[in-house]
>>> print(open('model_29.txt').read())   # compact mmCIF, C-alpha atoms
# COMPACT_ATOMS: atom_id res chain seq x y z
CA MET M 1362 64.44 131.47 109.03
CA SER M 1363 63.04 128.04 108.22
CA ALA M 1364 64.76 125.61 105.87
CA ASN M 1365 63.46 125.20 102.35
CA PRO M 1366 63.19 121.39 101.89
CA SER M 1367 64.17 121.64 98.22
CA ASP M 1368 67.30 123.75 98.91
CA PRO M 1369 70.01 122.03 101.00
CA GLY M 1370 71.78 125.38 101.24
CA SER M 1371 69.07 126.57 103.62
CA PHE M 1372 69.62 123.70 106.11
CA SER M 1373 71.56 123.97 109.34
CA ASP M 1374 74.58 121.67 109.49
CA SER M 1375 72.73 119.10 111.63
CA ASP M 1376 69.70 119.09 109.33
CA LEU M 1377 72.02 118.81 106.35
CA MET M 1378 73.58 115.68 107.88
CA LEU M 1379 70.11 114.18 108.28
CA GLN M 1380 69.51 114.81 104.59
CA VAL M 1381 72.86 113.21 103.68
CA ALA M 1382 71.95 110.21 105.85
CA SER M 1383 68.67 109.88 103.96
CA GLY M 1384 70.59 109.61 100.69
CA ARG M 1385 70.15 113.10 99.25
CA GLU M 1386 73.09 113.62 96.95
CA ASP M 1387 72.43 117.36 96.70
CA ALA M 1388 72.84 117.53 100.49
CA LEU M 1389 76.27 115.87 100.22
CA SER M 1390 77.15 118.36 97.51
CA GLU M 1391 76.16 121.21 99.82
CA LEU M 1392 78.22 119.68 102.65
CA PHE M 1393 81.19 119.50 100.27
CA ASP M 1394 80.70 123.12 99.21
CA ARG M 1395 80.58 124.29 102.83
CA TYR M 1396 83.61 122.46 104.16
CA SER M 1397 85.93 121.18 101.43
CA GLY M 1398 88.16 124.26 101.37
CA GLY M 1399 88.99 124.20 105.07
CA LEU M 1400 89.33 120.42 105.17
CA LEU M 1401 91.67 120.44 102.18
CA SER M 1402 93.87 122.99 103.98
CA LEU M 1403 93.92 120.84 107.10
CA ALA M 1404 94.79 117.68 105.17
CA THR M 1405 97.53 119.50 103.23
CA ARG M 1406 99.13 120.70 106.46
CA ILE M 1407 99.16 117.16 107.84
CA VAL M 1408 100.20 115.10 104.79
CA GLY M 1409 102.49 117.74 103.30
CA ASN M 1410 101.26 117.80 99.70
CA VAL M 1411 98.12 118.75 97.84
CA SER M 1412 97.85 115.54 95.84
CA ASP M 1413 97.63 113.32 98.92
CA ALA M 1414 95.41 115.89 100.63
CA GLU M 1415 92.93 115.78 97.74
CA GLU M 1416 92.76 111.99 98.07
CA VAL M 1417 92.18 112.38 101.81
CA LEU M 1418 89.37 114.87 101.09
CA GLN M 1419 87.71 112.39 98.75
CA GLU M 1420 87.94 109.72 101.46
CA VAL M 1421 86.43 112.09 104.03
CA PHE M 1422 83.35 112.80 101.91
CA LEU M 1423 82.93 109.14 100.96
CA HIS M 1424 83.01 108.41 104.69
CA ALA M 1425 80.50 111.20 105.38
CA TRP M 1426 78.21 109.81 102.67
CA SER M 1427 78.34 106.23 103.90
CA ARG M 1428 78.34 106.98 107.64
CA ALA M 1429 76.15 110.07 107.89
CA ALA M 1430 73.56 108.15 109.91
CA GLY M 1431 76.20 107.62 112.60
CA TYR M 1432 76.78 111.33 113.08
CA ASP M 1433 75.63 112.41 116.56
CA PRO M 1434 75.10 116.18 116.97
CA ALA M 1435 75.19 115.73 120.75
CA ARG M 1436 78.83 114.61 120.54
CA SER M 1437 80.24 117.24 118.17
CA SER M 1438 79.46 119.83 115.54
CA VAL M 1439 79.54 118.80 111.89
CA THR M 1440 82.69 120.89 111.46
CA THR M 1441 84.44 119.06 114.28
CA TRP M 1442 83.23 115.66 113.06
CA LEU M 1443 84.57 116.29 109.55
CA ALA M 1444 87.83 117.74 110.88
CA LEU M 1445 88.38 114.67 113.07
CA ILE M 1446 87.77 112.36 110.12
CA THR M 1447 90.16 114.45 108.01
CA ARG M 1448 92.82 114.34 110.69
CA SER M 1449 92.43 110.59 111.14
CA ARG M 1450 92.54 109.83 107.40
CA SER M 1451 95.55 112.15 106.96
CA ILE M 1452 97.46 110.41 109.73
CA ASP M 1453 96.52 107.02 108.25
CA ARG M 1454 97.96 108.18 104.92
CA LEU M 1455 101.21 109.24 106.60
CA ARG M 1456 101.43 105.88 108.39
CA SER M 1457 100.74 104.06 105.14
CA ARG M 1458 103.59 105.97 103.51
CA LYS M 1459 105.90 104.93 106.36
CA VAL M 1460 104.87 101.27 106.04
CA ILE M 1461 105.50 101.36 102.30
CA ASP M 1462 108.87 103.03 102.85
CA ARG M 1463 109.83 100.46 105.53
CA THR M 1464 108.79 97.62 103.21
CA ALA M 1465 110.92 99.06 100.43
CA ASP M 1466 113.87 99.45 102.84
CA ALA M 1467 113.52 95.83 103.98
CA ALA M 1468 113.39 94.61 100.39
CA ARG M 1469 116.55 96.57 99.55
CA GLN M 1470 118.31 95.15 102.61
CA GLU M 1471 117.44 91.59 101.58
CA ASN M 1472 118.60 92.06 98.02
CA ARG M 1473 121.35 94.65 97.93
CA SER M 1474 122.34 93.69 94.40
CA ALA M 1475 118.98 94.73 93.00
CA HIS M 1476 118.96 98.22 91.51
CA GLU M 1477 115.60 99.37 92.72
CA SER M 1478 114.55 102.95 93.26
CA PRO M 1479 113.53 103.89 96.83
CA GLN M 1480 110.02 104.53 95.62
CA ALA M 1481 109.56 101.25 93.74
CA SER M 1482 107.25 99.57 96.25
CA ARG M 1483 105.16 102.71 96.60
CA ASN M 1484 105.02 103.09 92.83
CA VAL M 1485 103.82 99.50 92.37
CA PHE M 1486 101.14 99.98 95.03
CA LEU M 1487 99.99 103.25 93.46
CA HIS M 1488 100.04 101.72 89.98
CA GLN M 1489 97.85 98.80 91.09
CA ARG M 1490 95.43 101.14 92.79
CA ARG M 1491 95.25 103.39 89.71
CA GLU M 1492 94.60 100.33 87.54
CA ARG M 1493 91.66 99.19 89.70
CA ILE M 1494 90.18 102.68 89.80
CA GLY M 1495 90.78 103.15 86.06
CA ALA M 1496 88.99 99.90 85.27
CA ALA M 1497 86.03 100.95 87.41
CA MET M 1498 85.98 104.40 85.76
CA ARG M 1499 85.86 102.87 82.27
CA HIS M 1500 82.48 101.35 83.22
CA LEU M 1501 80.99 104.75 84.11
CA PRO M 1502 78.72 106.54 81.62
CA GLU M 1503 80.74 108.99 79.52
CA GLU M 1504 79.18 112.14 81.04
CA GLN M 1505 79.98 110.97 84.59
CA ARG M 1506 83.51 109.91 83.67
CA GLN M 1507 84.06 113.30 82.01
CA VAL M 1508 83.30 115.32 85.16
CA LEU M 1509 85.55 113.10 87.31
CA GLU M 1510 88.41 113.31 84.83
CA LEU M 1511 88.14 117.08 84.61
CA ALA M 1512 88.04 117.36 88.41
CA TYR M 1513 90.76 114.89 89.33
CA TYR M 1514 93.10 114.89 86.34
CA SER M 1515 92.73 118.50 85.22
CA GLY M 1516 92.21 119.93 88.71
CA MET M 1517 89.12 121.87 87.71
CA THR M 1518 86.52 123.05 90.20
CA GLN M 1519 82.90 122.11 89.65
CA SER M 1520 82.18 125.65 88.43
CA GLU M 1521 85.04 125.42 85.92
CA ILE M 1522 83.76 122.04 84.73
CA ALA M 1523 80.28 123.52 84.22
CA ARG M 1524 81.75 126.28 82.05
CA GLU M 1525 84.09 123.92 80.16
CA ALA M 1526 81.37 121.33 79.44
CA ASN M 1527 78.66 123.99 78.97
CA ILE M 1528 76.31 122.32 81.47
CA PRO M 1529 74.60 123.64 84.62
CA LEU M 1530 76.58 123.49 87.88
CA GLY M 1531 73.85 121.34 89.47
CA THR M 1532 74.28 118.79 86.69
CA VAL M 1533 78.04 118.69 87.32
CA LYS M 1534 77.44 118.08 91.03
CA THR M 1535 74.86 115.37 90.38
CA ARG M 1536 77.06 113.59 87.85
CA THR M 1537 80.02 113.73 90.23
CA LEU M 1538 78.02 112.26 93.10
CA LEU M 1539 76.51 109.53 90.92
CA ALA M 1540 79.92 108.63 89.54
CA MET M 1541 81.44 108.44 93.04
CA LYS M 1542 78.56 106.26 94.20
CA LYS M 1543 79.02 103.90 91.23
CA LEU M 1544 82.77 103.71 91.83
CA ARG M 1545 82.15 102.83 95.47
CA GLN M 1546 79.75 100.06 94.40
CA ALA M 1547 82.08 98.80 91.65
CA LEU M 1548 85.10 98.60 93.92
CA GLY M 1549 83.08 96.79 96.60
CA ALA M 1550 85.40 95.02 99.03
CA GLU M 1551 88.42 96.85 97.67
CA ILE M 1552 87.11 100.22 98.85
CA GLY M 1553 88.48 99.66 102.36
CA GLU M 1554 91.93 99.04 100.92
CA LEU M 1555 91.69 102.10 98.70
CA LEU M 1556 90.50 104.34 101.51
>>> encode(input="model_29.txt", output="structure tokens")
Amino acid sequence: MSANPSDPGSFSDSDLMLQVASGREDALSELFDRYSGGLLSLATRIVGNVSDAEEVLQEVFLHAWSRAAGYDPARSSVTTWLALITRSRSIDRLRSRKVIDRTADAARQENRSAHESPQASRNVFLHQRRERIGAAMRHLPEEQRQVLELAYYSGMTQSEIAREANIPLGTVKTRTLLAMKKLRQALGAEIGELL
């Protein structure tokens, strides 16, 4: 069966990666639909909670979007490539947690009289990150911000968002991808720190 150029769902994984590398947002959406469930499960097993795993998943697909041209089908399957990225990002998140915890421990040791919760350093870091992302989100068009808020704050799937907002599923996917692209551009140099 030959691939229909207008339908990313008809592409093989390798062809789909070529389409992602060429900047087709609908191809990234198809890639997400194919693999997000399994990758979320993998990330959850590694990091230990769904919230962190969802952030890892977002990082994985941002990486896939920005580095699709570097994917080499001779080295691994798309599934393996995405799983390796997921594993790596999950381990990075665990290490980051440990660094934050060690920093908080060191701060408590230096100033034993301070009444600081064990999570204070982590909370400050997370608060600063949320502030930067929130500021970037406020600059998004309302319809793009709406789909991201429903997905990330309400935990809705793209199909649920389509029903809630009474818009086609394809529109939800397009708005999500455009919003993510604009956030990546708005955060610029900070994106490495956030990911």
>>> atom_distance(input="model_29.txt", atom1="atom CA of M:Arg1545", atom2="atom CA of M:Gln1507")
17.2 Å
>>> residues_around(input="model_29.txt", residues="stretch 1415-1429 of chain M", least_positions_apart="5", cutoff="7 Å", atoms="all atoms listed in the file", output="JSON, numbers by chain")
{"M": [1378, 1381, 1382, 1389, 1400, 1401, 1404, 1446, 1447, 1450, 1451, 1556]}
>>> atom_distance(input="model_29.txt", atom1="atom CA of M:Ser1457", atom2="atom CA of M:Ser1390")
28.6 Å
>>> closest_residue(input="model_29.txt", among="M:Gly1370, M:Gly1399, M:Gly1531, M:Gly1384", to="M:Leu1443", atoms="only C-alpha atoms")
M:Gly1399
>>> atom_distance(input="model_29.txt", atom1="atom CA of M:Ser1402", atom2="atom CA of M:Gln1519")
18.1 Å
>>> residues_near_point(input="model_29.txt", point="(75.2, 109.0, 91.6)", cutoff="12 Å", atoms="only C-alpha atoms", output="PyMOL selection string")
chain M and resi 1384-1387+1389-1390+1426+1501-1502+1504-1506+1509+1532-1546
>>> residues_near_point(input="model_29.txt", point="(77.4, 117.6, 109.9)", cutoff="12 Å", atoms="only C-alpha atoms", output="PyMOL selection string")
chain M and resi 1372-1382+1388-1389+1391-1393+1395-1396+1422+1424-1426+1428-1446
>>> write_last_selection(input="model_29.txt", atoms="C-alpha atoms", output="compact mmCIF listing (two decimals), in the frame of the given file")
# COMPACT_ATOMS: atom_id res chain seq x y z
CA PHE M 1372 69.62 123.70 106.11
CA SER M 1373 71.56 123.97 109.34
CA ASP M 1374 74.58 121.67 109.49
CA SER M 1375 72.73 119.10 111.63
CA ASP M 1376 69.70 119.09 109.33
CA LEU M 1377 72.02 118.81 106.35
CA MET M 1378 73.58 115.68 107.88
CA LEU M 1379 70.11 114.18 108.28
CA GLN M 1380 69.51 114.81 104.59
CA VAL M 1381 72.86 113.21 103.68
CA ALA M 1382 71.95 110.21 105.85
CA ALA M 1388 72.84 117.53 100.49
CA LEU M 1389 76.27 115.87 100.22
CA GLU M 1391 76.16 121.21 99.82
CA LEU M 1392 78.22 119.68 102.65
CA PHE M 1393 81.19 119.50 100.27
CA ARG M 1395 80.58 124.29 102.83
CA TYR M 1396 83.61 122.46 104.16
CA PHE M 1422 83.35 112.80 101.91
CA HIS M 1424 83.01 108.41 104.69
CA ALA M 1425 80.50 111.20 105.38
CA TRP M 1426 78.21 109.81 102.67
CA ARG M 1428 78.34 106.98 107.64
CA ALA M 1429 76.15 110.07 107.89
CA ALA M 1430 73.56 108.15 109.91
CA GLY M 1431 76.20 107.62 112.60
CA TYR M 1432 76.78 111.33 113.08
CA ASP M 1433 75.63 112.41 116.56
CA PRO M 1434 75.10 116.18 116.97
CA ALA M 1435 75.19 115.73 120.75
CA ARG M 1436 78.83 114.61 120.54
CA SER M 1437 80.24 117.24 118.17
CA SER M 1438 79.46 119.83 115.54
CA VAL M 1439 79.54 118.80 111.89
CA THR M 1440 82.69 120.89 111.46
CA THR M 1441 84.44 119.06 114.28
CA TRP M 1442 83.23 115.66 113.06
CA LEU M 1443 84.57 116.29 109.55
CA ALA M 1444 87.83 117.74 110.88
CA LEU M 1445 88.38 114.67 113.07
CA ILE M 1446 87.77 112.36 110.12
>>> closest_residue(input="model_29.txt", among="M:Asp1394, M:Asp1453, M:Asp1368, M:Glu1492", to="M:Ser1520", atoms="all atoms listed in the file")
M:Asp1394
>>> closest_residue(input="model_29.txt", among="M:Ile1407, M:Asp1413, M:Ala1547, M:Asn1527", to="M:Arg1499", atoms="only C-alpha atoms")
M:Ala1547
